[in-house]
Every structure is written in structure tokens, then in C-alpha cells.
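Each remark here refers to the structure printed beneath this line.
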Amino acid sequence: MIIENSLPILLSRLDFAWITSMHILWTPMTIGMSWLLFIMEVAWLRTGDERWYKINRFVEKIFIINFGAGVATGVTMEMAFGILYGPFSQAVGPFFGNILGFETITAFMYEAGFIGLMVFGWGKVSKGMHLFSTFNVGLSSSLSAMWILVANSWMQTPNGVVLKNGLFQVTNWWNAILNDNFQWGFPHMWMATVELALFVLAGLSGFFILKNRNAELFTKLLKPVLLALIIVTPLQIFIGDNIGRVVAQTQPTSLAAMEGHYHTYLPNGKVNTGWHLIAIPNAKNDGNVFAITIPHVLSLLETHTLNGKVPGMDSFPANDRPNVWVPFYSFRVMVAIGFFLFFVAIWGNWLRLRGKLNATELRKRPWFLRAMVFSAFLPYLAIWCGWWTREVGRQPWVVNGLMRTYQGTSHMPVAMEIIWWVGYIIFELTVWAGSWYFFTRVIKKGVDGIPDSSTLFDHDHADATDVKAGGGHVTPTFASKPMLRSDR
């Protein structure tokens with residue numbers, strides 16, 4: 001216990017928590033927004049409506065900034081694995097080496113190649129090829145996220161391996177990849193990326209309508225976004241409930257921490273079915289000093305019965321229990337945000353049914369527009385809280401039930417850990433500040449200045465000397481340059 005609770009272990013955990021928390025600000029947006037860019041491009045090509053083209057090009061600028069920030073912060077996370085968790089990286093190498101190798105191929109080859117075509121291919125490749133590129137950006141980013149969730153979910157439920165001679169040797173690749181946590185964990189995370197991207201678009205629409213800038217254009221965007229949200233938000237709640245049941249079966253200590261559930265039975269011997277709305281754990285981590293409890297709700301949530309038994313913290317050794325504060329409150333914040341976003345989606349679609357979803361009527365309802373803008377930031381907080389619940393709830397294990405966190409941590413002096421942490425803080429905040437600087441510039445400019453698609457794809461006015469390149473036209477850069485000598 002002295003080793004596990006030492007300052008170097010705490011600093012390693014805090015350092016890595018900072019790095020992952022900053023990185024996860026960017027990657028979900030990349031995944032979800034790539035699919036929305038594809039859908040908007042399809043809408044433009046099918047309808048010929050120039051407004052979809054301009055919205056697409058505007059949102060694409062935000063996507064590019066976000067993607068760049070995700071790449072920058074992702075590199076530091078790769079560094080942190082080896083620096084802060086060397087023994088862990090070595091032990092999981094037989095499994096992680098393959099899984100993260102697939103992720104690297106997906107992200108740095110597949111995704112990066114098609115992002116180049118998507119961003120720089122306007123007017124240089126055909127419309128069909130550009131659409132194909134956008135589709136592959138969405139597919140590759142989702143596959144990249146899948147491999148990351150395979151690795152992280154395996155840390156929660158390490159199926160298909162044995163720990164032998166200090167290495168996790170794979171005995172069944174199918175079970176290791178499709179582990180228990182991954183089956184609902186990946187859909188939950190992927191749906192969170194879509195929900196985030198939709199609410200960012202809704203927030204941008206609300207902002208521009210509120211400011212009366214291109215209000216009709218952004219009302220057109222808001223309508224399908226709200227329609228998608230009335231499907232996505234309850235579906236995400238349903239998926240979250242199912243992953244909660246998986247956690248209850250495979251990580252009962254994590255679930256007990258999420259619910260502040262210390263005692264399996266009440267003093268009178270009956271099953272403790274109470275769900276804590278609010279709780280204050282005591283210093284010994286063996287009970288609550290104060291709690292507001294609703295009977296039977298915990299059993300209903302986890303067993304779908306009124307009096308089903310849910311193991312409390314007292315069912316497990318004291319040194320195997322996670323800290324309760326972070327998973328308990330981060331889980332509740334995540335759930336509260338999920339239901340609030342569902343309410344906002346209902347509110348917007350109620351206005352649609354009443355015929356009030358037009359720019360004139362929406363400006364008469366500034367509180368709805370402000371709610372949309374506010375809601376654009378909430379999915380970020382929900383993803384943060386979900387990730388903290390997931391990671392802190394697994395403690396004191398880095399690989400659940402097989403390797404404790406202190407066993408996977410590098411042996412570094414405290415001074416060195418502090419130096420690395422300060423360095424990472426400075427770097428991540430610089431990326432964050434730079435990204436927001438460019439975000440504000442893009443939003444300030446809006447869709448103004450985005451030329452019509454005809455300037456890229458209309459060949460009727462191309463000069464006779466121009467050479468067509470796919471969907472656009474370019475003048476060869478070598479046309480005015482002397483030819484190389486034939487004898488060289």
C-alpha cells in the first residue's frame with residue numbers, strides 16, 4: 001500500500017491523466033465531424049443547392065484545425081506511454097504492438113492520405129473522387145478509434161491472454177479484440193463522437209442565427225441536425241445503460257465506486273437496493289458520511305429487478321477498491337448531460353412540429369438559441385467525465401485484475417516527473433490556445449468569402465490552354481520553363 005500510494009505513482013497518474021484529457025478534446029470531433037462533412041457533401045451533390053457547399057467548406061475549416069490539434073496532442077500521448085509507463089508498455093507489447101500498429105496504419109496512412117485529398121482536392125479531383133475521399137476520412141477515423149478502444153477496453157476486461165514471464169501472451173486473438181467491454185464500449189464512444197459533432201453544428205447554427213448572420217443558411221443546417229439528434233441522444237442513453245450492465249458484471253468494484261455503493265446488505269440483513277443521488281465518502285473509503293438515497297433504484301438500474309443484489313465495496317479487499325470521489329461524481333455529471341441534451345433535442349423538434357423552426361421565429365426565442373450554443377460545449381464535458389469514470393474506476397489496476405498500476409509505472413525521480421508534467425502542460429495549453437485562436441477567426445469570418453463551387457468545378461470559362469485535372473482545371477506549372485536538354 002505504501003508503494004501504490006507513493007508520490008511518484010500519483011504524479012505518473014496525474015501526468016497521464018492530463019495528457020489523455022487534453023487529447024480527447026480533439027479526436028472525437030474529428031471522427032464525428034468527418035461523417036457529417038460526408039453527408040453534407042452528398043446533400044450538395046444530390047440537390048445542387050449551393051448552400052450545402054458553403055456550409056461544408058465552412059465546417060471543413062473547423063475540422064482541419066481540430067484535426068491538427070488532435071495529431072499534435074496524440075504524439076505526446078505516444079511519448080508518455082514509454083516515458084511514464086515503460087514496464088506496462090513492455091508487458092503488453094505482444095498485444096498492444098499489433099493493435100496500436102493497426103491503429104497507426106489506419107491513422108497515419110489511410111486517414112492522412114484521404115484527408116489530403118479531401119482538404120486540397122477541391123477542383124483538382126472530380127466531384128465523385130472528392131466525395132469518395134471524404135467518405136474514407138470518416139471510415140478511417142472510425143477504424144482508428146476502434147483500435148484505440150480495443151486496446152483500452154482490453155485493459156478493462158483482459159480476455160484472451162495469459163500473463164507469463166512478465167508478458168501478456170495472446171491465447172485467443174478473437175476474444176482479446178472483441179473483449180467484453182469493447183462490445184458496448186466502442187459503440188458508446190463512437191456515438192459520443194457523432195453526438196458531439198451534431199451539437200457543435202447546432203451550437204454554431206444557434207450562434208449565427210442569434211447574431212443574425214447568414215441566419216437562413218444556418219437555419220437550413222439546424223433542421224436536419226435537430227432531426228438527427230432526436231435519434232442519437234436517446235440511442236446514446238440506451239447504449240450507456242448496456243455498458244453499465246457490462247461493468248456491473250465484469251468490474252463490480254468500478255460499478256460500486258460509480259454508485260458510491262459501499263454495503264451490499266443493510267444493517268437489518270436485507271439487500272441494499274438504494275441509489276445515491278448525492279454522497280460524501282468518508283476518509284477511510286469504507287462508507288458515506290452523508291447521502292441522499294432512493295430505495296430500489298440501484299437494483300432496477302443494474303439488475304432490472306426491484307431487489308436484485310449489487311455487490312458493494314465491502315465485498316472486496318480494501319486495497320482493491322478504487323477511490324470513489326471521481327467516478328461517483330463524473331459518472332453523474334455525464335448522465336445528467338446526456339439527459340439534458342436529450343431534452344434540448346426534444347425542445348428543438350417540438351419547435352419544428354409547431355412550424356417555428358425558421359430564422360424569424362427562432363430569433364424570437366433567444367433562450368433556445370442560447371441553449372443550443374451552451375449545448376455545444378456539454379458533450380466535451382460528458383466525454384471527459386466518461387473517460388475519468390472509466391479510468392479511475394479501474395484503479396488500482398492498469399490491466400484489470402492482472403497488473404496493478406504501480407507495477408506498470410516507470411521508476412523515475414519525482415523531479416523528473418514534475419519536469420515532464422510541466423512540459424506537457426505548457427505544450428497542451430499552447431495547442432489549445434492556438435486552436436481556439438484559429439477557431440475564433442474562422443467563426444468570425446463565417447461563410448463570407450467562400451466562393452461559389454462554380455469557380456472550382458465550372459469548366460465553361462476555362463482558357464483553351466488550361467489542362468483539365470479531374471473536376472477542375474489547372475495550368476501546368478512547367479509550361480513556361482525551359483525543357484531539359486535531351487542529352488542529359
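Chain labels A, B, ... are given in the sequence in which chains occur in the C-alpha cells; within each chain residues are numbered consecutively from 1, and ligands are likewise numbered from 1 in the order shown.
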
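Near Glu216 (chain A), within a cut-off of 9 Å and counting only C-alpha atoms, sit the residues Ile209, Leu221, Asn358, Ala359 and Thr360 of chain A, with same-chain residues fewer than 5 positions away left out.
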
For region 102-216 of chain A versus region 27-44 of chain A, which residues have an atom no more than 6 Å away, and what is each residue's nearest atom pair and distance in Å rounded to one decimal, using only C-alpha atoms, chain-then-number order, as a tab-separated table?
residue	atom	partner	partner_atom	distance
A:Thr134	CA	A:Phe38	CA	5.5
A:Phe135	CA	A:Phe38	CA	5.7
A:Gly138	CA	A:Ser34	CA	4.8
A:Ser141	CA	A:Ile31	CA	5.4
A:Ser142	CA	A:Ile31	CA	6.0
A:Thr193	CA	A:Pro28	CA	4.6
A:Val194	CA	A:Gly32	CA	4.2
A:Ala197	CA	A:Met33	CA	5.2

*So which residues of region 70-268 of chain A fall under alpha helix (DSSP H) by DSSP, listed as a ChimeraX atom specification?*
/A:70-84,86-91,93-105,112-120,127-156,173-177,180-210,215-250,252-259

*Going by DSSP on the backbone, which bits of region 86-243 of chain A are strand (DSSP E)? Write them as a PyMOL selection string, please.*
chain A and resi 161-164+167-170

*For Ser133 (chain A), which residue out of A:Leu402, A:Leu178, A:Ile115, A:Leu378 is the nearest one, using only C-alpha atoms?*
A:Ile115

_Nearby residues (only C-alpha atoms) at most 10 Å from Ala215 (chain A), same-chain spacing under 3 positions excluded, as a ChimeraX atom specification_ = /A:205-212,218-221,358-360,362-363

Saved selection, atoms kept: C-alpha atoms, as a short mmCIF file (atom, residue, chain, number, x, y, z; two decimals), in the first residue's frame:
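What landed in part.cif:
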data_model
loop_
_atom_site.label_atom_id
_atom_site.label_comp_id
_atom_site.auth_asym_id
_atom_site.auth_seq_id
_atom_site.Cartn_x
_atom_site.Cartn_y
_atom_site.Cartn_z
CA SER A 205 -26.18 27.45 -36.06
CA GLY A 206 -27.64 28.90 -32.87
CA PHE A 207 -24.79 31.42 -32.64
CA PHE A 208 -25.15 32.70 -36.20
CA ILE A 209 -28.95 32.87 -36.02
CA LEU A 210 -28.72 34.71 -32.69
CA LYS A 211 -26.30 37.21 -34.28
CA ASN A 212 -28.48 37.39 -37.42
CA PHE A 218 -27.72 28.16 -40.71
CA THR A 219 -31.42 27.51 -40.15
CA LYS A 220 -31.19 25.14 -43.10
CA LEU A 221 -28.33 23.35 -41.32
CA ASN A 358 -37.27 29.30 -39.22
CA ALA A 359 -34.90 32.22 -38.72
CA THR A 360 -37.60 34.78 -37.93
CA LEU A 362 -36.05 31.40 -33.80
CA ARG A 363 -34.78 34.92 -33.18
#

Per residue of region 339-392 of chain A within 12 Å of region 248-257 of chain A, note the shortest atom pair and the distance in Å to one decimal, counting only C-alpha atoms, and order the rows by chain and increasing residue number, as a Markdown table.
| residue | atom | partner | partner_atom | distance |
| --- | --- | --- | --- | --- |
| A:Trp388 | CA | A:Ser254 | CA | 11.6 |
| A:Thr389 | CA | A:Ser254 | CA | 8.4 |
| A:Arg390 | CA | A:Ser254 | CA | 8.1 |
| A:Glu391 | CA | A:Ser254 | CA | 9.4 |
| A:Val392 | CA | A:Ser254 | CA | 8.3 |

Can I get the selected residues back with C-alpha atoms, as a tab-separated table (two decimals), in the first residue's frame?
chain	number	residue	atom	x	y	z
A	388	TRP	CA	-12.41	9.72	-15.99
A	389	THR	CA	-15.09	7.32	-14.76
A	390	ARG	CA	-13.64	4.58	-16.93
A	391	GLU	CA	-10.00	5.10	-15.99
A	392	VAL	CA	-10.25	5.94	-12.29

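The nearest approach to Leu357 (chain A) among the residues A:Val225, A:Leu201, A:Trp275, A:Gln156, with only C-alpha atoms taken into account, belongs to A:Val225.
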
*region 319-335 of chain A: which residues within 9 Å, counting only C-alpha atoms, same-chain residues fewer than 5 positions away excluded, as a PyMOL selection string?*
chain A and resi 1+237+240+253-260+277-281+285+313+340+379+381-397

Selected residues, N, CA, C and O atoms, written as a CSV table (one decimal), in the first residue's frame, please.
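Generated output (result_2.csv):
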chain,number,residue,atom,x,y,z
A,1,MET,N,0.8,-1.2,0.0
A,1,MET,CA,0.0,0.0,0.0
A,1,MET,C,0.9,1.3,0.0
A,1,MET,O,0.5,2.2,-0.6
A,237,ILE,N,-28.1,7.1,-24.7
A,237,ILE,CA,-28.6,6.7,-23.3
A,237,ILE,C,-28.8,5.2,-23.2
A,237,ILE,O,-28.4,4.6,-22.2
A,240,GLY,N,-25.4,3.5,-23.2
A,240,GLY,CA,-24.8,3.7,-21.9
A,240,GLY,C,-25.3,2.8,-20.9
A,240,GLY,O,-24.5,2.3,-20.0
A,253,THR,N,-16.1,-3.7,-8.7
A,253,THR,CA,-15.6,-2.6,-7.9
A,253,THR,C,-15.7,-1.3,-8.5
A,253,THR,O,-16.0,-0.3,-7.8
A,254,SER,N,-15.6,-1.2,-9.9
A,254,SER,CA,-15.8,0.0,-10.6
A,254,SER,C,-17.2,0.5,-10.5
A,254,SER,O,-17.5,1.7,-10.2
A,255,LEU,N,-18.1,-0.4,-10.6
A,255,LEU,CA,-19.6,0.0,-10.5
A,255,LEU,C,-19.9,0.4,-9.1
A,255,LEU,O,-20.6,1.5,-8.9
A,256,ALA,N,-19.3,-0.2,-8.1
A,256,ALA,CA,-19.6,0.2,-6.7
A,256,ALA,C,-19.1,1.6,-6.5
A,256,ALA,O,-19.7,2.4,-5.8
A,257,ALA,N,-17.9,1.9,-7.1
A,257,ALA,CA,-17.4,3.3,-6.9
A,257,ALA,C,-18.2,4.3,-7.7
A,257,ALA,O,-18.5,5.4,-7.1
A,258,MET,N,-18.7,3.9,-8.9
A,258,MET,CA,-19.6,4.8,-9.6
A,258,MET,C,-20.9,5.2,-8.9
A,258,MET,O,-21.4,6.3,-9.0
A,259,GLU,N,-21.3,4.2,-8.1
A,259,GLU,CA,-22.6,4.4,-7.4
A,259,GLU,C,-22.4,4.7,-5.9
A,259,GLU,O,-23.4,4.9,-5.2
A,260,GLY,N,-21.1,4.9,-5.4
A,260,GLY,CA,-20.9,5.1,-4.0
A,260,GLY,C,-21.5,4.0,-3.2
A,260,GLY,O,-22.0,4.3,-2.0
A,277,LEU,N,-28.3,9.7,-4.9
A,277,LEU,CA,-28.3,10.8,-5.8
A,277,LEU,C,-27.0,11.7,-5.5
A,277,LEU,O,-26.3,12.1,-6.4
A,278,ILE,N,-26.8,11.9,-4.2
A,278,ILE,CA,-25.6,12.6,-3.8
A,278,ILE,C,-25.0,11.9,-2.6
A,278,ILE,O,-25.7,11.3,-1.8
A,279,ALA,N,-23.7,11.8,-2.5
A,279,ALA,CA,-23.0,11.1,-1.4
A,279,ALA,C,-21.7,11.8,-1.1
A,279,ALA,O,-21.0,12.4,-2.0
A,280,ILE,N,-21.3,11.7,0.2
A,280,ILE,CA,-20.0,12.2,0.6
A,280,ILE,C,-19.2,11.0,1.2
A,280,ILE,O,-19.5,10.6,2.4
A,281,PRO,N,-18.2,10.4,0.5
A,281,PRO,CA,-17.5,9.3,1.1
A,281,PRO,C,-16.6,9.7,2.3
A,281,PRO,O,-16.2,10.9,2.4
A,285,ASN,N,-12.7,5.4,3.1
A,285,ASN,CA,-13.2,4.8,1.9
A,285,ASN,C,-14.0,3.5,2.2
A,285,ASN,O,-13.9,2.6,1.4
A,313,MET,N,-18.8,-2.2,-2.0
A,313,MET,CA,-17.3,-2.2,-1.8
A,313,MET,C,-16.9,-3.2,-0.7
A,313,MET,O,-15.8,-3.7,-0.7
A,340,PHE,N,-29.9,16.0,-20.4
A,340,PHE,CA,-30.1,17.4,-20.8
A,340,PHE,C,-30.1,17.6,-22.3
A,340,PHE,O,-30.9,18.3,-22.9
A,379,PRO,N,-21.1,18.2,-24.6
A,379,PRO,CA,-20.6,16.9,-24.9
A,379,PRO,C,-19.1,16.7,-24.6
A,379,PRO,O,-18.7,15.6,-24.3
A,381,LEU,N,-17.6,18.0,-22.0
A,381,LEU,CA,-17.5,17.7,-20.6
A,381,LEU,C,-18.0,16.2,-20.3
A,381,LEU,O,-17.5,15.5,-19.5
A,382,ALA,N,-19.0,15.8,-21.1
A,382,ALA,CA,-19.6,14.5,-20.9
A,382,ALA,C,-18.5,13.4,-21.3
A,382,ALA,O,-18.3,12.4,-20.6
A,383,ILE,N,-17.8,13.6,-22.4
A,383,ILE,CA,-16.7,12.7,-22.8
A,383,ILE,C,-15.6,12.7,-21.7
A,383,ILE,O,-15.1,11.6,-21.4
A,384,TRP,N,-15.2,13.9,-21.3
A,384,TRP,CA,-14.2,13.9,-20.2
A,384,TRP,C,-14.7,13.1,-19.0
A,384,TRP,O,-13.9,12.3,-18.5
A,385,CYS,N,-15.9,13.4,-18.5
A,385,CYS,CA,-16.3,12.7,-17.3
A,385,CYS,C,-16.5,11.2,-17.6
A,385,CYS,O,-16.2,10.4,-16.7
A,386,GLY,N,-16.9,10.8,-18.7
A,386,GLY,CA,-17.0,9.3,-19.0
A,386,GLY,C,-15.6,8.7,-19.0
A,386,GLY,O,-15.4,7.6,-18.5
A,387,TRP,N,-14.6,9.4,-19.6
A,387,TRP,CA,-13.3,8.8,-19.6
A,387,TRP,C,-12.7,8.7,-18.2
A,387,TRP,O,-12.0,7.8,-17.9
A,388,TRP,N,-12.9,9.8,-17.4
A,388,TRP,CA,-12.4,9.7,-16.0
A,388,TRP,C,-13.1,8.6,-15.2
A,388,TRP,O,-12.4,7.9,-14.4
A,389,THR,N,-14.4,8.4,-15.4
A,389,THR,CA,-15.1,7.3,-14.8
A,389,THR,C,-14.5,6.0,-15.1
A,389,THR,O,-14.2,5.1,-14.3
A,390,ARG,N,-14.2,5.8,-16.4
A,390,ARG,CA,-13.6,4.6,-16.9
A,390,ARG,C,-12.3,4.3,-16.4
A,390,ARG,O,-12.0,3.2,-16.0
A,391,GLU,N,-11.4,5.3,-16.4
A,391,GLU,CA,-10.0,5.1,-16.0
A,391,GLU,C,-9.8,5.0,-14.5
A,391,GLU,O,-9.1,4.2,-14.0
A,392,VAL,N,-10.4,5.9,-13.8
A,392,VAL,CA,-10.2,5.9,-12.3
A,392,VAL,C,-11.0,4.7,-11.7
A,392,VAL,O,-10.5,4.1,-10.7
A,393,GLY,N,-12.1,4.4,-12.3
A,393,GLY,CA,-12.9,3.2,-11.8
A,393,GLY,C,-12.1,1.9,-11.9
A,393,GLY,O,-12.4,1.0,-11.1
A,394,ARG,N,-11.1,1.8,-12.8
A,394,ARG,CA,-10.4,0.6,-13.0
A,394,ARG,C,-9.3,0.5,-11.9
A,394,ARG,O,-8.7,-0.6,-11.7
A,395,GLN,N,-8.9,1.5,-11.3
A,395,GLN,CA,-7.8,1.5,-10.3
A,395,GLN,C,-8.2,0.6,-9.1
A,395,GLN,O,-9.3,0.4,-8.8
A,396,PRO,N,-7.1,0.0,-8.5
A,396,PRO,CA,-5.7,0.2,-8.6
A,396,PRO,C,-5.0,-0.6,-9.7
A,396,PRO,O,-3.8,-0.9,-9.6
A,397,TRP,N,-5.8,-1.0,-10.7
A,397,TRP,CA,-5.2,-1.9,-11.8
A,397,TRP,C,-5.0,-1.1,-13.1
A,397,TRP,O,-5.8,-0.3,-13.5

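Every protein or nucleic acid residue with an atom no more than 10 Å from Arg352 (chain A), counting only C-alpha atoms and leaving out same-chain residues fewer than 4 positions away, appears here: A:Lys223, A:Leu226, A:Leu227, A:Ile346, A:Trp347, A:Gly348, A:Lys356, A:Leu357, A:Asn358.
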
Near-region 117-119 of chain A list (10 Å; only C-alpha atoms; drop same-chain fewer than 4 positions) as a short mmCIF file (atom, residue, chain, number, x, y, z; two decimals) with N, CA and C atoms, in the first residue's frame:
data_model
loop_
_atom_site.label_atom_id
_atom_site.label_comp_id
_atom_site.auth_asym_id
_atom_site.auth_seq_id
_atom_site.Cartn_x
_atom_site.Cartn_y
_atom_site.Cartn_z
N ARG A 57 -17.77 23.78 -46.72
CA ARG A 57 -16.43 24.38 -46.73
C ARG A 57 -16.15 25.14 -45.44
N GLU A 60 -15.54 22.50 -42.74
CA GLU A 60 -14.28 21.83 -43.02
C GLU A 60 -13.09 22.58 -42.42
N LYS A 61 -13.15 23.91 -42.40
CA LYS A 61 -12.08 24.70 -41.79
C LYS A 61 -11.95 24.38 -40.30
N PHE A 63 -12.91 21.62 -38.92
CA PHE A 63 -12.42 20.24 -38.88
C PHE A 63 -10.91 20.19 -39.00
N ILE A 64 -10.33 20.97 -39.91
CA ILE A 64 -8.89 20.95 -40.15
C ILE A 64 -8.12 21.39 -38.91
N ALA A 112 -4.66 9.86 -43.13
CA ALA A 112 -3.89 11.04 -43.52
C ALA A 112 -3.89 11.23 -45.03
N GLY A 113 -3.81 10.13 -45.78
CA GLY A 113 -3.81 10.24 -47.24
C GLY A 113 -5.11 10.82 -47.78
N LYS A 124 -9.45 19.90 -57.98
CA LYS A 124 -8.30 19.22 -58.56
C LYS A 124 -8.58 17.75 -58.84
N VAL A 125 -9.60 17.22 -58.19
CA VAL A 125 -10.08 15.87 -58.49
C VAL A 125 -11.57 15.99 -58.79
N MET A 129 -14.62 11.63 -56.88
CA MET A 129 -13.42 11.25 -56.15
C MET A 129 -13.31 12.02 -54.85
N HIS A 130 -13.71 13.30 -54.86
CA HIS A 130 -13.65 14.07 -53.61
C HIS A 130 -14.62 13.50 -52.59
N LEU A 131 -15.82 13.13 -53.03
CA LEU A 131 -16.79 12.53 -52.13
C LEU A 131 -16.26 11.21 -51.59
N PHE A 132 -15.62 10.43 -52.44
CA PHE A 132 -15.02 9.16 -52.03
C PHE A 132 -13.94 9.40 -50.98
N SER A 133 -13.18 10.46 -51.14
CA SER A 133 -12.13 10.79 -50.16
C SER A 133 -12.74 11.17 -48.82
N THR A 134 -13.79 11.98 -48.84
CA THR A 134 -14.45 12.37 -47.59
C THR A 134 -15.01 11.16 -46.87
N PHE A 135 -15.62 10.25 -47.63
CA PHE A 135 -16.15 9.01 -47.03
C PHE A 135 -15.03 8.23 -46.35
N ASN A 136 -13.88 8.13 -47.01
CA ASN A 136 -12.78 7.35 -46.44
C ASN A 136 -12.14 8.02 -45.23
N VAL A 137 -12.23 9.35 -45.16
CA VAL A 137 -11.79 10.04 -43.94
C VAL A 137 -12.67 9.61 -42.77
#

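Excluding region 80-86 of chain A itself and same-chain residues fewer than 5 positions from it, the residues having an atom within 6 Å of it are Gly408, Thr409 and Ser410 of chain A, counting only C-alpha atoms.
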
With C-alpha atoms retained, write the just-selected residues as a PDB file, in the first residue's frame.
ATOM      1  CA  GLY A 408       3.408  -0.736 -14.794  1.00  0.00           C
ATOM      2  CA  THR A 409       4.851   2.652 -13.844  1.00  0.00           C
ATOM      3  CA  SER A 410       8.371   3.724 -14.829  1.00  0.00           C
TER       4      SER A 410
END

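With only C-alpha atoms as the atoms that count, the residue of A:Gly287, A:Ser435, A:Gly244, A:Ser375 with the shortest distance to Phe199 (chain A) is A:Ser375.
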